[in-house]
Amino acid sequence: MDKHEQRLHAVAARRWKIAFILSAIMLVAYYGFILLVAADVGVIQNLLKAGTAIPAAGLGDQITLGIRLGDGLSVGILLGAMVIVFAWVLTTIYVNWANKVYDREIEDLSHLAR
Amino acid sequence: MESDWTSILFFFLFVSATLGITYWAAKRTKTTEHFYAAGRSITGFQNGLALAGDYMSAASFLGIAGLVALNGFDGLIYSTGWLVGWPIILFLIAEPLRNLGKYTFTDVVAYRLQQKPVRIAAAIGTMAVVLTYLIAQMVGSGTLIKLLFGIPYVWACVLVGVVMMTYVLFGGMIATTWVQIIKACLLLGGATVMALIVLSKFGFDPTALFAQAAQEGCKDRAADGSLIPAGSQLFCYGGKVLEPGTKVVTGAWDAISLGMALMFGTAGLPHILMRFYTVPNAKAARVSVQWATIWIGGFYLITFILGFGSMVLVGQQNILAAGGGGNMAAPLLAKVIAGDIFFGFICAVAFATILAVVAGLTLAGAGALSHDLWVNVVRGGNAPQHEQMIAARSASIILGVLAIILGIIFEGQNVAYMVGLTFSIAASANFPALVLSVFWRRFTTWGAVLSILFGAIGTIVLIILGPTIQFDLLFPKVGTEITQAMVDAYRSIPGMDSIAVGGKINAQLMAAYQAYIKSQWWFFPLKNPCIYTMTGAFLIGIIVSLLVPERSASEGFAEVERRAVLGEPKGAIAG
């Protein structure tokens, strides 16, 4: 393997590393949200099974996503919207890096294409 | 809903404009490179809009607005899930896909593996996704068009089928892409205007809108039981609309499994993946996902506003009374806030949405049938260009006719679960094989084949054995009159011996039936099987590949790596 080939390999490996890290961050953020929903659904189901009334939202003693941050805003809605905004942030970070750094490195190696 | 002239007028404007584009595109569609990949001439920005157009189906516009209007917060579970698949596509899929493939995602999976078995398996995975999604879209469109325009169901299916077949058959990917772009602009523009009008009634503060929805003590029926008409008051439904409920997800594991299907299913949808071949290079593919993520994310935030807007301004009872299981929430909201002309416009946009998505699906299915199966399996990759074009167009006709027939067969069936099924199959059959083929040196032909087949078949079997089919579809709803056939079928079930002709299905009989089914060994408790099928597909792909190594496949990986980074050599003759 000559020097150029090694560099190509290194460039590819670095992109995958960044891609996997960003994917993992997205996964954790989204699954954090889904697990909170799942936990709340579990609580609600147990309450329904036991025949207990579901506690009024606002106290947030059991249903985390129902906690109110104001008259019209619950933690659930805020976190859901934040997941979408976070997805924007991550894609922007990646595209900026790829356009500025990654593409220049690829350009240097383009004579290897075959 | 009466058919009214404004929606028909807007609809005719859309159809004539798009048919004009199809005529223009037809003159430019000479080779398969044009037919499947629009001559690789679409820019990143344009493709971002087209991707958004392909993705924002009627299910996500009308469906999510309805889901939010009837359940509040729970609609967000779908919106966020459907969006977070896009960064995953960007990081893991878009660039290698563009660099390694030609027309279909199967090109990438089969790149260094044995062509025939992999292409047959991947075509099965593709067709399973395309057909289930087509059924969901066609049935949805037939019902919707009947509701919006008053056209009989069968004619509505034929109309959608014929118009979209015209796009695909003559204009190929060029026409389909521009139809998607126009539709995406109309949909984004229309939804934004609507959201702004709604918010203007609440001082441009979304939380004021949510606060109104979460107030207690409003009534949506008058003292005599009649509906309070939409627009005559502000409706409210209590604090529960701001927190999770148990209607959309029935349990914790279901929520996790559904999240998986939504997130990874997007990265396995053949009509989305195919779009990455329409741009000139990997950089444009990357930029197009960034735009798509911006449009789609914004669209879901807007849809959330529209859902709450119609909950508050139209009222849940009025939405349900209009039929379509909540799908009329957004059109009714348009009527209440801006009158009949805007209502007509939104109805026409919804129709355009269906047309465009169905066209994209048909093109993806045609790619699997003609490029993967005919050209690469039957003809071993050596078919002259004119024969490839004939195969592509014949496959489009077959799929178009199939879409119409399936739409008619499934009339009146509840097909809402089909969208979930589509994403589960895409996440289980297509996504694991695609990822492993690009990232894992030791992936083999049989690893790929068995992984895809397990993902597709496993998902379908588990959905059939699960509550969606066993409870919601096979057992009559509470309140249905009991017939002799039902007595014969259910009397032997413990707890249901009191079932008799002339009575009605009540909650007790339903509970007895569900308890009986749940006690059966074959019953699968989750509505969404993705957590098992996707994990299983990955495991099978890995285990089979390790058990039966394939030397040529691992040797070919160096080439995959180089090509995934550098793309096709400059000056090479593509095609």
# chains A, B, ... in the order shown; residues from 1 in each chain; ligands from 1

call {"tool": "interface_residues", "arguments": {"of": "chain B", "to": "chain A", "cutoff": "7 Å", "atoms": "only C-alpha atoms", "output": "PyMOL selection string"}}
result
chain B and resi 73+76+80+83-84+87-88+91-92+207-208+210-211+214+239+242-246+251-252+255-256+259+286+290+293-294+297+565-566+568-569

call {"tool": "select_by_dssp", "arguments": {"residues": "chain A", "states": "helix (DSSP H, G or I)", "output": "PyMOL selection string"}}
result
chain A and resi 3-50+64-66+75-112

call {"tool": "residues_around", "arguments": {"residues": "segment 341-344 of chain B", "least_positions_apart": "5", "cutoff": "7 Å", "atoms": "only C-alpha atoms", "output": "number ranges by chain"}}
result
B: 6-7, 331, 334-335

call {"tool": "residues_around", "arguments": {"residues": "Ala392 of chain B", "least_positions_apart": "6", "cutoff": "8 Å", "atoms": "only C-alpha atoms", "output": "list of chain:residue names"}}
result
B:Thr32, B:Ala366, B:Gly367, B:Leu369, B:Ser370, B:His371

call {"tool": "decode", "arguments": {"residues": "segment 28-99 of chain A", "atoms": "C-alpha atoms", "output": "JSON list (two decimals), in the first residue's frame"}}
result
[["chain", "number", "residue", "atom", "x", "y", "z"],
["A", 28, "VAL", "CA", -29.22, 8.87, 22.31],
["A", 29, "ALA", "CA", -31.16, 12.15, 22.01],
["A", 30, "TYR", "CA", -34.14, 10.56, 20.28],
["A", 31, "TYR", "CA", -34.16, 7.46, 22.44],
["A", 32, "GLY", "CA", -33.94, 9.62, 25.54],
["A", 33, "PHE", "CA", -37.19, 11.21, 24.41],
["A", 34, "ILE", "CA", -38.83, 7.89, 23.47],
["A", 35, "LEU", "CA", -37.80, 6.26, 26.77],
["A", 36, "LEU", "CA", -39.40, 9.13, 28.69],
["A", 37, "VAL", "CA", -42.59, 8.58, 26.68],
["A", 38, "ALA", "CA", -42.34, 4.82, 27.30],
["A", 39, "ALA", "CA", -41.84, 5.34, 31.05],
["A", 40, "ASP", "CA", -44.86, 7.65, 31.21],
["A", 41, "VAL", "CA", -47.00, 5.22, 29.24],
["A", 42, "GLY", "CA", -45.93, 2.46, 31.65],
["A", 43, "VAL", "CA", -46.95, 4.61, 34.65],
["A", 44, "ILE", "CA", -50.30, 5.49, 33.08],
["A", 45, "GLN", "CA", -51.02, 1.84, 32.30],
["A", 46, "ASN", "CA", -50.28, 0.75, 35.86],
["A", 47, "LEU", "CA", -52.57, 3.47, 37.18],
["A", 48, "LEU", "CA", -55.32, 2.39, 34.79],
["A", 49, "LYS", "CA", -54.88, -1.25, 35.83],
["A", 50, "ALA", "CA", -55.05, -0.35, 39.51],
["A", 51, "GLY", "CA", -58.13, 1.75, 38.83],
["A", 52, "THR", "CA", -56.46, 4.86, 40.26],
["A", 53, "ALA", "CA", -57.22, 8.19, 38.65],
["A", 54, "ILE", "CA", -54.35, 9.59, 36.61],
["A", 55, "PRO", "CA", -52.81, 12.41, 38.65],
["A", 56, "ALA", "CA", -53.48, 15.88, 37.34],
["A", 57, "ALA", "CA", -50.67, 17.20, 35.21],
["A", 58, "GLY", "CA", -48.65, 20.04, 36.58],
["A", 59, "LEU", "CA", -47.39, 18.37, 39.73],
["A", 60, "GLY", "CA", -45.29, 16.06, 37.64],
["A", 61, "ASP", "CA", -44.93, 13.57, 40.47],
["A", 62, "GLN", "CA", -45.25, 10.67, 38.08],
["A", 63, "ILE", "CA", -45.76, 11.75, 34.50],
["A", 64, "THR", "CA", -42.51, 13.51, 33.65],
["A", 65, "LEU", "CA", -43.51, 14.78, 30.23],
["A", 66, "GLY", "CA", -46.70, 16.26, 31.64],
["A", 67, "ILE", "CA", -44.83, 18.73, 33.88],
["A", 68, "ARG", "CA", -45.89, 22.23, 32.87],
["A", 69, "LEU", "CA", -43.41, 24.99, 32.21],
["A", 70, "GLY", "CA", -46.17, 27.54, 31.79],
["A", 71, "ASP", "CA", -49.86, 27.50, 30.94],
["A", 72, "GLY", "CA", -49.42, 25.98, 27.52],
["A", 73, "LEU", "CA", -46.01, 24.36, 27.49],
["A", 74, "SER", "CA", -45.28, 20.89, 28.85],
["A", 75, "VAL", "CA", -41.85, 19.29, 29.15],
["A", 76, "GLY", "CA", -42.97, 16.74, 26.54],
["A", 77, "ILE", "CA", -43.76, 19.31, 23.86],
["A", 78, "LEU", "CA", -40.57, 21.26, 24.57],
["A", 79, "LEU", "CA", -38.38, 18.13, 24.37],
["A", 80, "GLY", "CA", -40.12, 16.93, 21.21],
["A", 81, "ALA", "CA", -39.50, 20.24, 19.47],
["A", 82, "MET", "CA", -35.93, 20.20, 20.76],
["A", 83, "VAL", "CA", -35.33, 16.78, 19.18],
["A", 84, "ILE", "CA", -36.24, 18.30, 15.80],
["A", 85, "VAL", "CA", -34.03, 21.37, 16.35],
["A", 86, "PHE", "CA", -31.20, 19.12, 17.55],
["A", 87, "ALA", "CA", -31.43, 17.10, 14.32],
["A", 88, "TRP", "CA", -30.97, 20.37, 12.40],
["A", 89, "VAL", "CA", -27.93, 21.28, 14.48],
["A", 90, "LEU", "CA", -26.26, 17.89, 13.95],
["A", 91, "THR", "CA", -26.83, 17.87, 10.18],
["A", 92, "THR", "CA", -25.47, 21.41, 9.92],
["A", 93, "ILE", "CA", -22.35, 20.49, 11.91],
["A", 94, "TYR", "CA", -21.69, 17.48, 9.70],
["A", 95, "VAL", "CA", -22.33, 19.25, 6.38],
["A", 96, "ASN", "CA", -20.12, 22.19, 7.36],
["A", 97, "TRP", "CA", -17.29, 19.87, 8.35],
["A", 98, "ALA", "CA", -17.66, 17.73, 5.23],
["A", 99, "ASN", "CA", -17.86, 20.70, 2.87]]
